[in-house]
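Reviewing the structure listed below.
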Amino acid sequence: MLMKEQNDLLTRVGPGTPGGDLLRRYWQPVALSEELPPGSAPVPLTILGEELALFRDEQGRPGLLGLHCSHRGADLSYGRIEDGGLRCLYHGWLYDVEGRCLEQPGEPAGSTFHERIKHPAYPCHEQAGIVFAYLGPGEPPLFPNYGFLNAPEANVFVTKYWHDCNYLQGNEGNIDPVHLSFLHRFLREEGVFDRGNGRPVGTNVSSNELFGRDIAPTLEVEATDFGVRIFALRDAGDGTRYVRVSNFIYPNLSAFPGGGQGDGYGVNWHVPVDDEHHWKFNITFSRTSPVGKERMRQGHAAEVGPDYHIRRSKANRYLQDREEMQTRSFIGMGPFFAAHDRFAVEGPGPIQDREQEHSGSTDKAIVMARLQLLKGIADLREGRDPPHVIRTPEANRLGHVGAVDVVVPNEEDWRTVWRRYLPVDEPVGARV
Ligand code: FES
Ligand SMILES: [Fe+2]
């Protein structure tokens with residue numbers, strides 16, 4: 001449960017809000033590279049309540065500018081890409097990726113007025129098929145050295161999904177391992193769709209079967225320098241334990257096991273559009289082998305429109321099939337995990353009223369993450385960098401960030417088993 005004041009702090013993200021200021025201190029995904037191929041039109045975007053135009057200049061550099069021209073406000077996303085920048089259609093002012101006004105062709109020859117214009121512009125960084133931007137003040141932090149953003153191109157699949165709700169309830173779904181025994185459960189092994197079929201390390205039994213064998217896992221959490229490491233411990237039978245390790249990564253992403261046999265994992269990064277909508281950027285990667293992008297693209301095409309909206313939505317009651325609930329799945333909403341999650345996190349409404357909730361013992365990762373976020377807001381108020389803002393190469397050793405699921409004998413130490421599967425650098429930062 002959160003008091004209304006705390007809930008507002010965490011969920012309001014527009015310019016000048018404490019929660020929005022916090023998220024602006026980190027590099028954030030703003031678009032997929034595939035939305036901005038060379039020579040393409042600029043893309044209008046809203047991120048953290050700000051209207052923006054994303055474009056790629058003739059040199060291929062992404063630029064993120066305020067949507068409205070500094071002259072008299074025309075929409076720059078319709079502009080021309082030429083002469084080293086983005087040119088407004090109304091009177092031809094030309095901006096480069098840094099927001100410098102290079103030309104004002106309608107002003108008298110020799111005018112230096114253009115030199116005094118600084119159009120809103122945010123630094124961009126493109127990696128792993130995603131355009132990231134830093135929307136905060138001052139010097140951007142180092143770009144985080146996450147394993148999932150450094151894998152070879154063939155080993156990473158990235159996409160995004162629209163959500164009609166606040167970003168926080170989206171991310172809280174990722175750090176709640178209990179729902180896997182319910183929301184994503186297929187009733188019988190022969191009814192398991194493709195996605196539920198991954199096998200954790202050390203077993204031939206599917207994760208779906210293991211989620212069904214023990215629906216009441218023990219949840220343990222530990223604070224780390226990057227956020228929270230979460231352990232869901234389930235009885236796997238025959239003296240073994242199913243250990244599922246996931247992460248809350250500060251401030252708005254999570255890593256979770258993806259059936260990658262210890263070789264990779266999934267990441268969801270929840271970027272606010274405004275207080276009541278967000279994009280979930282989804283990253284699937286493997287350290288050592290291609291992820292089968294074509295098969296993944298085909299799987300998505302059935303479930304997700306070209307506008308990155310999942311076809312199952314509140315407007316069509318998520319196409320729930322009551323017959324399927326008898327024969328195949330717990331919820332009757334097909335095979336696609338992202339659709340199940342969309343249903344779950346949009347259910348509370350545009351911004352969850354957390355005064356009305358009743359957190360149980362298995363919500364303790366969510367509770368810890370919220371306290372860490374509130375601490376970050378307090379840090380900012382007191383003039384300090386919030387947690388996991390990376391300023392030094394030593395703090396950017398992030399091999400210990402990541403997820404794995406594994407079945408081990410009961411006598412094995414579940415707290416340390418993840419170290420076998422991640423390229424661990426010892427964390428140097430203080431715990432949040
Ligand atoms: S409004 Fe853009 S150049 Fe005049
Ligand atoms: Fe889920």
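Every chain in the structure tokens takes a letter, A first, then B, and so on in the order presented; its residues are numbered from 1, and the ligands are numbered from 1 following the presented order.
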Write out as a tab-separated table a residue-level contact list of stretch 6-62 of chain A versus stretch 364-379 of chain A with cut-off 8 Å: for each qualifying residue the closest pair of atoms and the distance in Å to one decimal, counting only C-alpha atoms, rows sorted by chain and residue number upward.
residue	atom	partner	partner_atom	distance
A:Gln6	CA	A:Leu374	CA	7.8
A:Leu9	CA	A:Leu374	CA	7.8
A:Leu10	CA	A:Leu374	CA	7.2
A:Pro18	CA	A:Ile377	CA	6.2
A:Gly19	CA	A:Ile377	CA	6.7
A:Leu22	CA	A:Ile377	CA	6.1
Keeping only N, CA, C and O atoms, write those residues as a short mmCIF file (atom, residue, chain, number, x, y, z; two decimals), in the first residue's frame.
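Just written: selection01.cif:
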data_model
loop_
_atom_site.label_atom_id
_atom_site.label_comp_id
_atom_site.auth_asym_id
_atom_site.auth_seq_id
_atom_site.Cartn_x
_atom_site.Cartn_y
_atom_site.Cartn_z
N GLN A 6 2.69 9.46 -1.95
CA GLN A 6 3.81 8.66 -2.44
C GLN A 6 3.52 8.14 -3.84
O GLN A 6 4.38 8.12 -4.72
N LEU A 9 4.09 10.78 -6.29
CA LEU A 9 5.53 11.01 -6.50
C LEU A 9 6.10 10.02 -7.52
O LEU A 9 6.91 10.38 -8.37
N LEU A 10 5.66 8.77 -7.41
CA LEU A 10 6.26 7.72 -8.26
C LEU A 10 5.65 7.67 -9.65
O LEU A 10 6.30 7.18 -10.58
N PRO A 18 8.74 15.42 -9.41
CA PRO A 18 9.87 14.69 -8.81
C PRO A 18 10.12 13.33 -9.48
O PRO A 18 11.27 12.96 -9.73
N GLY A 19 9.04 12.59 -9.79
CA GLY A 19 9.22 11.29 -10.45
C GLY A 19 9.76 11.44 -11.87
O GLY A 19 10.58 10.64 -12.31
N LEU A 22 13.40 12.21 -11.72
CA LEU A 22 14.20 11.01 -11.45
C LEU A 22 14.46 10.22 -12.74
O LEU A 22 15.60 9.90 -13.06
#
message = Neighbouring residues of ligand 2 are defined here as those with any atom at most 7 Å from a ligand atom, counting only C-alpha atoms and all ligand atoms; list them as a list in words.
response =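 Every residue with an atom at most 7 Å from ligand 2 is listed here: Gly173, Asn174, His179, Leu180, Leu183, His184, Phe337, Ala338, His340 and Asp341 of chain A.
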Export of prior selection with all heavy atoms as a CSV table (one decimal), in the first residue's frame:
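The resulting file, selection-v9.csv, is shown below:
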chain,number,residue,atom,x,y,z
A,173,GLY,N,4.9,-5.6,-12.7
A,173,GLY,CA,4.5,-6.9,-13.1
A,173,GLY,C,5.7,-7.8,-13.4
A,173,GLY,O,5.7,-9.0,-13.2
A,174,ASN,N,6.8,-7.2,-13.7
A,174,ASN,CA,8.0,-8.0,-14.0
A,174,ASN,C,8.7,-8.6,-12.8
A,174,ASN,O,9.5,-9.5,-12.8
A,174,ASN,CB,9.1,-7.2,-14.7
A,174,ASN,CG,8.6,-6.6,-16.0
A,174,ASN,OD1,8.0,-7.3,-16.8
A,174,ASN,ND2,8.9,-5.3,-16.3
A,179,HIS,N,3.1,-14.5,-10.3
A,179,HIS,CA,2.0,-14.6,-11.4
A,179,HIS,C,2.3,-15.6,-12.5
A,179,HIS,O,1.4,-16.0,-13.2
A,179,HIS,CB,1.8,-13.2,-11.9
A,179,HIS,CG,2.7,-12.7,-13.0
A,179,HIS,ND1,3.9,-12.1,-12.8
A,179,HIS,CD2,2.7,-12.8,-14.4
A,179,HIS,CE1,4.5,-11.7,-13.9
A,179,HIS,NE2,3.8,-12.2,-14.9
A,180,LEU,N,3.6,-16.1,-12.5
A,180,LEU,CA,3.9,-17.1,-13.6
A,180,LEU,C,3.1,-18.4,-13.3
A,180,LEU,O,2.9,-19.1,-14.3
A,180,LEU,CB,5.4,-17.3,-13.6
A,180,LEU,CG,6.1,-16.1,-14.2
A,180,LEU,CD1,7.5,-16.0,-13.6
A,180,LEU,CD2,6.2,-16.3,-15.7
A,183,LEU,N,-1.1,-16.3,-14.3
A,183,LEU,CA,-1.4,-15.5,-15.5
A,183,LEU,C,-0.9,-16.2,-16.7
A,183,LEU,O,-1.5,-16.2,-17.8
A,183,LEU,CB,-0.8,-14.1,-15.3
A,183,LEU,CG,-1.2,-13.2,-16.5
A,183,LEU,CD1,-2.6,-12.6,-16.3
A,183,LEU,CD2,-0.2,-12.0,-16.6
A,184,HIS,N,0.3,-16.8,-16.7
A,184,HIS,CA,0.9,-17.3,-17.9
A,184,HIS,C,0.9,-18.8,-18.0
A,184,HIS,O,1.5,-19.5,-18.8
A,184,HIS,CB,2.4,-16.9,-18.0
A,184,HIS,CG,2.7,-15.4,-18.0
A,184,HIS,ND1,2.2,-14.6,-19.0
A,184,HIS,CD2,3.4,-14.6,-17.2
A,184,HIS,CE1,2.6,-13.4,-18.8
A,184,HIS,NE2,3.3,-13.4,-17.7
A,337,PHE,N,2.8,-14.1,-24.1
A,337,PHE,CA,3.0,-13.6,-22.7
A,337,PHE,C,2.7,-12.1,-22.6
A,337,PHE,O,2.2,-11.6,-21.6
A,337,PHE,CB,4.4,-13.9,-22.2
A,337,PHE,CG,4.5,-15.3,-21.7
A,337,PHE,CD1,3.8,-16.4,-22.3
A,337,PHE,CD2,5.4,-15.6,-20.7
A,337,PHE,CE1,4.0,-17.7,-21.8
A,337,PHE,CE2,5.6,-16.9,-20.2
A,337,PHE,CZ,4.8,-18.0,-20.8
A,338,ALA,N,3.2,-11.3,-23.6
A,338,ALA,CA,3.1,-9.9,-23.5
A,338,ALA,C,1.6,-9.4,-23.5
A,338,ALA,O,1.3,-8.4,-23.0
A,338,ALA,CB,3.8,-9.2,-24.7
A,340,HIS,N,-0.8,-11.3,-22.1
A,340,HIS,CA,-1.3,-11.6,-20.8
A,340,HIS,C,-0.9,-10.5,-19.8
A,340,HIS,O,-1.7,-10.0,-19.0
A,340,HIS,CB,-0.6,-12.9,-20.2
A,340,HIS,CG,-0.7,-14.1,-21.1
A,340,HIS,ND1,0.1,-15.2,-20.9
A,340,HIS,CD2,-1.4,-14.4,-22.2
A,340,HIS,CE1,-0.1,-16.1,-21.9
A,340,HIS,NE2,-1.1,-15.6,-22.7
A,341,ASP,N,0.4,-10.0,-20.0
A,341,ASP,CA,0.8,-9.0,-19.1
A,341,ASP,C,0.1,-7.7,-19.4
A,341,ASP,O,-0.2,-6.9,-18.4
A,341,ASP,CB,2.4,-8.8,-19.3
A,341,ASP,CG,3.2,-9.9,-18.7
A,341,ASP,OD1,2.8,-10.4,-17.6
A,341,ASP,OD2,4.2,-10.3,-19.3
message = Within 12 Å of ligand 1 (counting only C-alpha atoms and all ligand atoms), which residues show up? I'd like them as an MDAnalysis selection string.
response = chainID A and resid 66:80 86:95 101:107 114 117 119
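Nearest residue to A:Asn268, choosing from A:Ser33, A:Asn171, A:Thr203, A:Thr224 and counting only C-alpha atoms: A:Asn171.
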Residue contacts of A:Phe281 (8 Å, only C-alpha atoms) excluding same-chain residues fewer than 4 positions away, as a ChimeraX atom specification = /A:29,158-161,267-271
Under the rule of at most 6 Å, produce a per-residue listing of stretch 298-408 of chain A near stretch 134-145 of chain A: chain, number, name, the closest pair of atoms, and the distance in Å, as a Markdown table, using only C-alpha atoms.
| residue | atom | partner | partner_atom | distance |
| --- | --- | --- | --- | --- |
| A:Ile390 | CA | A:Pro141 | CA | 5.4 |
| A:Arg391 | CA | A:Pro141 | CA | 5.4 |
| A:Asn396 | CA | A:Asn145 | CA | 5.8 |
Can I get the selected residues back with C-alpha atoms, as an mmCIF file, in the first residue's frame?
data_model
loop_
_atom_site.group_PDB
_atom_site.id
_atom_site.type_symbol
_atom_site.label_atom_id
_atom_site.label_comp_id
_atom_site.auth_asym_id
_atom_site.auth_seq_id
_atom_site.Cartn_x
_atom_site.Cartn_y
_atom_site.Cartn_z
ATOM 1 C CA ILE A 390 26.881 5.702 -13.632
ATOM 2 C CA ARG A 391 29.737 8.194 -13.704
ATOM 3 C CA ASN A 396 29.921 0.540 -15.213
#
ask   = Neighbours of stretch 175-177 of chain A within 9 Å (only C-alpha atoms; same-chain residues fewer than 3 positions away dropped), as a list of chain:residue names?
value =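 In the requested format, the answer is A:Asn171, A:Glu172, A:Leu180, A:Ser181, A:Pro217, A:Leu219, A:Ile230, A:Phe231, A:Ala232, A:Arg244, A:Ser246, A:Asn247, A:Phe248, A:Ser254, A:Ala255, A:Phe256, A:Thr362, A:Asp363, A:Lys364, A:Ala365, A:Ile366, A:Ala369.
Listed by chain and then by rising number, the residues of stretch 118-279 of chain A that DSSP assigns to alpha helix (DSSP H) from the backbone are A:Tyr167, A:Leu168, A:Gln169, A:Gly170, A:Asn171, A:Glu172, A:Gly173, A:Asn174, A:Ser207, A:Asn208, A:Glu209, A:Leu210, A:Phe211, A:Gly212, A:Arg213.
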So that I can check the surroundings of A:Met333, please list as a short mmCIF file (atom, residue, chain, number, x, y, z; two decimals) with N, CA, C and O atoms, in the first residue's frame every protein, DNA and RNA residue that reaches within 7 Å of it, counting only C-alpha atoms and ignoring chain neighbours fewer than 4 positions away.
data_model
loop_
_atom_site.label_atom_id
_atom_site.label_comp_id
_atom_site.auth_asym_id
_atom_site.auth_seq_id
_atom_site.Cartn_x
_atom_site.Cartn_y
_atom_site.Cartn_z
N TYR A 318 -9.54 -8.26 -24.59
CA TYR A 318 -8.34 -9.09 -24.76
C TYR A 318 -8.66 -10.42 -25.47
O TYR A 318 -7.97 -11.41 -25.31
N LEU A 319 -9.75 -10.39 -26.25
CA LEU A 319 -10.19 -11.57 -27.03
C LEU A 319 -10.21 -12.84 -26.18
O LEU A 319 -9.85 -13.92 -26.62
N GLN A 320 -10.67 -12.67 -24.96
CA GLN A 320 -10.68 -13.82 -24.04
C GLN A 320 -11.61 -14.92 -24.55
O GLN A 320 -12.72 -14.64 -25.01
N ASP A 321 -11.15 -16.15 -24.44
CA ASP A 321 -11.88 -17.31 -24.92
C ASP A 321 -12.15 -18.22 -23.71
O ASP A 321 -11.24 -18.85 -23.17
N HIS A 340 -0.82 -11.32 -22.14
CA HIS A 340 -1.27 -11.62 -20.78
C HIS A 340 -0.89 -10.47 -19.84
O HIS A 340 -1.69 -10.01 -19.01
#
inquiry  = Applying 9 Å and only C-alpha atoms, which residues near stretch 289-306 of chain A remain after dropping the ones on its own chain fewer than 2 positions away? List them as number ranges by chain.
reply    = A: 152-157, 161, 263, 284-287, 308-312, 336, 339
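Candidate residues A:Val178, A:Val201, A:Glu189, A:Gly399 were compared for distance to A:Glu220, and the nearest is A:Val178, using only C-alpha atoms.
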request  = Return the single residue from A:Ile331, A:Met3, A:Ala133, A:Val245 that is closest to A:Trp418, with distances computed using only C-alpha atoms.
outcome  = A:Val245
query = If you measure from atom CA of A:Val345 to atom CA of A:Asn252, what distance in Å do you get, rounded to one decimal?
reply =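 The value is 14.7 Å.
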ask   = So which one's closest to A:Ala430, A:Pro409, A:Gly39, A:Gly227, A:Gly349? Using only C-alpha atoms, please.
value =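 Checking each candidate against A:Ala430, we get A:Gly227 as the closest.
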